Amino acid sequence: MELRKDIFKELSTPCYVADEAALVKNLEILKDVKEKAGCRILLAQKAFSMFSLYPLIEKYLDGTTASGLYEARLGREEFNGEVHVYSPAYTESEMAELSRIADHVVFNSTAQVRKYAGAFAGTHVSLGLRVNPECSTQETAIYDPCAPGSRLGVTAANFDPEVLEYIDGLHFHTLCEQNSDAFEITLKAFEEKFGKYLDGLKWVNFGGGHHITRADYDRERLIRLIREFKARHGVEVYVEPGEAIALNAGWLVTRVCDIVKNGMDIAILDASAACHMPDVLEMPYRPPLFASGKAGEKAHTYRLASRTCLAGDIIGDYSFDCELHEDDILSFEDMAIYSMVKNNTFNGMPLPEIGILHADGRYETVKTFGYEDFKGRLS
């Protein structure tokens with residue numbers, strides 16, 4: 001803890017810091033799972049795309065999965081492994097490049113399979129189709145691919161078996177930060193609706209949302225479910241978590257710019273929920289903060305907010321053992337995932353620096369940003 005504190009005091013803020021030791025701990029768990037289950041595990045880049053760490057990650061995992069052409073290119077250029085791509089829709093202009101750089105391309109509809117399958121004829125690319133098991137195991141609709149009216153995946157009623165002549169596999173993704181009990185429910189629904197189509201296919205992709213590296217995750221159940229599924233159907237199994245890879249493996253380090261009062265103490269930070277950790281407002285959730293408590297739990301409570309003009313750009317209410325002062329350093333935890341990939345420059349807010357705290361205690365600055373990064377996006 002003291003090493004972390006001493007290093008963070010010297011950083012330019014705001015700053016994302018990836019924790020190499022924590023990342024390796026997650027990767028070792030994932031490698032153990034894939035070896036025991038006999039499956040292949042991919043990095044879902046939509047959650048974590050810090051490619052300076054890909055040489056480390058590729059020692060443990062089998063490849064990357066992408067949500068479109070640009071992520072696919074990143075995976076091909078920076079990760080020595082398989083490149084899988086899924087998008088709710090592709091365009092004609094993307095086909096030639098995808099046929100060169102991808103290993104698996106998953107379509108969202110039978111119409112897109114028929115439209116673009118010919119573009120991959122004679123290539124090494126394995127084609128697949130995303131299906132919708134219509135099995136909701138979560139309560140937040142915005143993150144539920146099986147919600148009524150979802151555009152994600154083909155339902156059993158709309159599945160055309162004739163499309164099987166073009167594809168090698170099926171893909172489904174229904175989970176979000178969930179345990180293997182939810183996955184077991186989903187897998188049962190998938191087999192009930194689509195199991196009859198698996199004969200002759202080469203692979204099934206179980207998607208992401210598996211919180212495999214969380215402390216309370218039932219990994220033995222996941223391993224058993226995968227092994228039993230492979231034995232029943234004789235297919236290769238892929239799992240593509242994003243959060244599990246970098247869960248609790250990074251911080252957003254920020255500095256107190258000012259303290260104002262309006263019925264309570266409000267600390268204005270140089271980090272922003274809206275710009276630097278959008279999921280705080282989108283999910284919403286209260287991010288963990290090192291050496292803090294809930295409001296009223298410790299002696300001094302503050303509302304932590306940003307310097308953007310958005311009135312609701314509030315991170316949350318936290319308490320501390322000591323009073324906060326201008327220039328104090330605060331470190332939000334679990335900030336490797338869905339932060340760098342989603343940040344923005346609203347209000348001209350500077351993008352945070354990116355760095356790595358190596359396992360041996362060294363800090364390395366990986367990337368800094370300036371005015372040109374803001375301006376270059378706008379005209």
# chains A, B, ... in the order shown; residues from 1 in each chain; ligands from 1
>>> select_by_dssp(residues="region 61-203 of chain A", states="alpha helix (DSSP H)", output="number ranges by chain")
A: 69-78, 95-101, 110-116, 180-194
>>> residues_around(residues="region 210-214 of chain A", least_positions_apart="6", cutoff="8 Å", atoms="only C-alpha atoms", output="number ranges by chain")
A: 26, 29-30, 175-180, 183, 241, 243-245, 247
>>> write_last_selection(atoms="N, CA and C atoms", output="PDB file, in the first residue's frame")
ATOM      1  N   ASN A  26      -5.159 -12.534 -12.541  1.00  0.00           N
ATOM      2  CA  ASN A  26      -6.359 -12.863 -13.305  1.00  0.00           C
ATOM      3  C   ASN A  26      -6.040 -13.819 -14.449  1.00  0.00           C
ATOM      4  N   ILE A  29      -5.555 -17.406 -13.426  1.00  0.00           N
ATOM      5  CA  ILE A  29      -6.839 -18.061 -13.167  1.00  0.00           C
ATOM      6  C   ILE A  29      -7.484 -18.489 -14.480  1.00  0.00           C
ATOM      7  N   LEU A  30      -7.486 -17.600 -15.460  1.00  0.00           N
ATOM      8  CA  LEU A  30      -8.113 -17.898 -16.740  1.00  0.00           C
ATOM      9  C   LEU A  30      -7.392 -19.026 -17.468  1.00  0.00           C
ATOM     10  N   LEU A 175     -24.766 -12.703 -20.764  1.00  0.00           N
ATOM     11  CA  LEU A 175     -24.408 -12.380 -19.382  1.00  0.00           C
ATOM     12  C   LEU A 175     -23.768 -11.004 -19.251  1.00  0.00           C
ATOM     13  N   CYS A 176     -23.783 -10.482 -18.037  1.00  0.00           N
ATOM     14  CA  CYS A 176     -23.100  -9.233 -17.697  1.00  0.00           C
ATOM     15  C   CYS A 176     -22.691  -9.295 -16.229  1.00  0.00           C
ATOM     16  N   GLU A 177     -21.402  -9.480 -15.983  1.00  0.00           N
ATOM     17  CA  GLU A 177     -20.867  -9.528 -14.611  1.00  0.00           C
ATOM     18  C   GLU A 177     -21.552 -10.605 -13.781  1.00  0.00           C
ATOM     19  N   GLN A 178     -21.745 -11.789 -14.345  1.00  0.00           N
ATOM     20  CA  GLN A 178     -22.527 -12.811 -13.656  1.00  0.00           C
ATOM     21  C   GLN A 178     -21.721 -14.061 -13.347  1.00  0.00           C
ATOM     22  N   ASN A 179     -22.280 -14.882 -12.454  1.00  0.00           N
ATOM     23  CA  ASN A 179     -21.636 -16.102 -12.007  1.00  0.00           C
ATOM     24  C   ASN A 179     -22.061 -17.268 -12.896  1.00  0.00           C
ATOM     25  N   SER A 180     -21.474 -18.428 -12.650  1.00  0.00           N
ATOM     26  CA  SER A 180     -21.714 -19.572 -13.525  1.00  0.00           C
ATOM     27  C   SER A 180     -23.099 -20.182 -13.335  1.00  0.00           C
ATOM     28  N   PHE A 183     -24.998 -18.688 -16.059  1.00  0.00           N
ATOM     29  CA  PHE A 183     -24.573 -19.300 -17.319  1.00  0.00           C
ATOM     30  C   PHE A 183     -25.202 -20.682 -17.494  1.00  0.00           C
ATOM     31  N   PRO A 241     -14.445 -13.441 -22.235  1.00  0.00           N
ATOM     32  CA  PRO A 241     -14.660 -12.415 -21.204  1.00  0.00           C
ATOM     33  C   PRO A 241     -13.834 -11.162 -21.481  1.00  0.00           C
ATOM     34  N   GLU A 243     -14.228  -8.162 -18.856  1.00  0.00           N
ATOM     35  CA  GLU A 243     -13.996  -7.679 -17.494  1.00  0.00           C
ATOM     36  C   GLU A 243     -13.127  -8.635 -16.688  1.00  0.00           C
ATOM     37  N   ALA A 244     -13.343  -9.936 -16.837  1.00  0.00           N
ATOM     38  CA  ALA A 244     -12.614 -10.903 -16.010  1.00  0.00           C
ATOM     39  C   ALA A 244     -11.113 -10.802 -16.188  1.00  0.00           C
ATOM     40  N   ILE A 245     -10.671 -10.343 -17.332  1.00  0.00           N
ATOM     41  CA  ILE A 245      -9.233 -10.273 -17.604  1.00  0.00           C
ATOM     42  C   ILE A 245      -8.571  -9.152 -16.815  1.00  0.00           C
ATOM     43  N   LEU A 247     -10.204  -7.334 -14.303  1.00  0.00           N
ATOM     44  CA  LEU A 247     -11.001  -7.019 -13.119  1.00  0.00           C
ATOM     45  C   LEU A 247     -10.088  -6.671 -11.947  1.00  0.00           C
TER      46      LEU A 247
END
>>> residues_around(residues="region 123-125 of chain A", least_positions_apart="2", cutoff="6 Å", atoms="only C-alpha atoms", output="PyMOL selection string")
chain A and resi 103-104+120-121
>>> closest_atom_pairs(of="region 205-224 of chain A", to="region 44-54 of chain A", cutoff="12 Å", atoms="only C-alpha atoms", output="tab-separated table")
residue	atom	partner	partner_atom	distance
A:Gly207	CA	A:Ala44	CA	9.1
A:Gly208	CA	A:Ala44	CA	7.5
A:Gly209	CA	A:Ala44	CA	9.8
A:His210	CA	A:Ala44	CA	11.3
>>> write_last_selection(atoms="N, CA and C atoms", output="PDB file, in the first residue's frame")
ATOM      1  N   GLY A 207     -19.674 -16.522 -25.555  1.00  0.00           N
ATOM      2  CA  GLY A 207     -19.741 -15.093 -25.323  1.00  0.00           C
ATOM      3  C   GLY A 207     -19.023 -14.643 -24.058  1.00  0.00           C
ATOM      4  N   GLY A 208     -19.361 -13.446 -23.604  1.00  0.00           N
ATOM      5  CA  GLY A 208     -18.705 -12.841 -22.452  1.00  0.00           C
ATOM      6  C   GLY A 208     -19.642 -12.668 -21.276  1.00  0.00           C
ATOM      7  N   GLY A 209     -19.238 -11.786 -20.349  1.00  0.00           N
ATOM      8  CA  GLY A 209     -20.016 -11.536 -19.148  1.00  0.00           C
ATOM      9  C   GLY A 209     -19.758 -12.518 -18.030  1.00  0.00           C
ATOM     10  N   HIS A 210     -18.861 -13.505 -18.259  1.00  0.00           N
ATOM     11  CA  HIS A 210     -18.506 -14.472 -17.226  1.00  0.00           C
ATOM     12  C   HIS A 210     -17.485 -13.823 -16.294  1.00  0.00           C
TER      13      HIS A 210
END
>>> atom_distance(atom1="CA of Asp181 (chain A)", atom2="CA of Ala37 (chain A)")
16.3 Å
>>> closest_residue(among="A:Ser319, A:Asn205, A:Ser272, A:Thr137", to="Ala291 (chain A)", atoms="only C-alpha atoms")
A:Ser319
>>> residues_around(residues="Met335 (chain A)", least_positions_apart="5", cutoff="8 Å", atoms="only C-alpha atoms", output="ChimeraX atom specification")
/A:16,248-252,277
>>> select_by_dssp(residues="region 267-373 of chain A", states="strand (DSSP E or B)", output="PyMOL selection string")
chain A and resi 267-269+289+293-294+300-306+314-320+329-333+353-357+363-367
>>> closest_residue(among="A:Asp279, A:Asp32, A:Glu240, A:Glu10", to="Tyr86 (chain A)", atoms="only C-alpha atoms")
A:Glu240
>>> closest_residue(among="A:Glu228, A:Val239, A:His325, A:Gly153", to="Gly63 (chain A)", atoms="only C-alpha atoms")
A:Val239
>>> residues_around(residues="Glu28 (chain A)", least_positions_apart="4", cutoff="12 Å", atoms="only C-alpha atoms", output="list in words")
Ala21, Ala22, Leu23, Val24, Asp32, Val33, Lys34, Glu35, Leu56, Ile57, Glu58, Lys59, Tyr60, Leu61, Ile212, Thr213, Ala244, Ile245 and Ala246 of chain A
>>> write_last_selection(atoms="C-alpha atoms", output="PDB file, in the first residue's frame")
ATOM      1  CA  ALA A  21       0.661  -8.068 -10.790  1.00  0.00           C
ATOM      2  CA  ALA A  22      -3.150  -8.036 -10.492  1.00  0.00           C
ATOM      3  CA  LEU A  23      -3.494  -8.617 -14.232  1.00  0.00           C
ATOM      4  CA  VAL A  24      -1.186 -11.639 -14.086  1.00  0.00           C
ATOM      5  CA  ASP A  32      -6.087 -22.677 -15.358  1.00  0.00           C
ATOM      6  CA  VAL A  33      -9.784 -22.648 -16.286  1.00  0.00           C
ATOM      7  CA  LYS A  34      -9.173 -23.055 -20.007  1.00  0.00           C
ATOM      8  CA  GLU A  35      -6.728 -25.899 -19.482  1.00  0.00           C
ATOM      9  CA  LEU A  56       1.784 -10.255 -21.572  1.00  0.00           C
ATOM     10  CA  ILE A  57      -1.825 -11.328 -22.101  1.00  0.00           C
ATOM     11  CA  GLU A  58      -1.025 -13.468 -25.152  1.00  0.00           C
ATOM     12  CA  LYS A  59       1.132 -15.722 -22.959  1.00  0.00           C
ATOM     13  CA  TYR A  60      -2.057 -16.869 -21.244  1.00  0.00           C
ATOM     14  CA  LEU A  61      -4.982 -16.473 -23.662  1.00  0.00           C
ATOM     15  CA  ILE A 212     -14.478 -15.769 -13.846  1.00  0.00           C
ATOM     16  CA  THR A 213     -11.799 -13.979 -11.815  1.00  0.00           C
ATOM     17  CA  ALA A 244     -12.614 -10.903 -16.010  1.00  0.00           C
ATOM     18  CA  ILE A 245      -9.233 -10.273 -17.604  1.00  0.00           C
ATOM     19  CA  ALA A 246      -8.591  -6.867 -16.076  1.00  0.00           C
TER      20      ALA A 246
END
>>> atom_distance(atom1="CA of Glu297 (chain A)", atom2="CA of Asp317 (chain A)")
10.7 Å
>>> residues_around(residues="Asp160 (chain A)", least_positions_apart="4", cutoff="9 Å", atoms="only C-alpha atoms", output="MDAnalysis selection string")
chainID A and resid 110 156 164
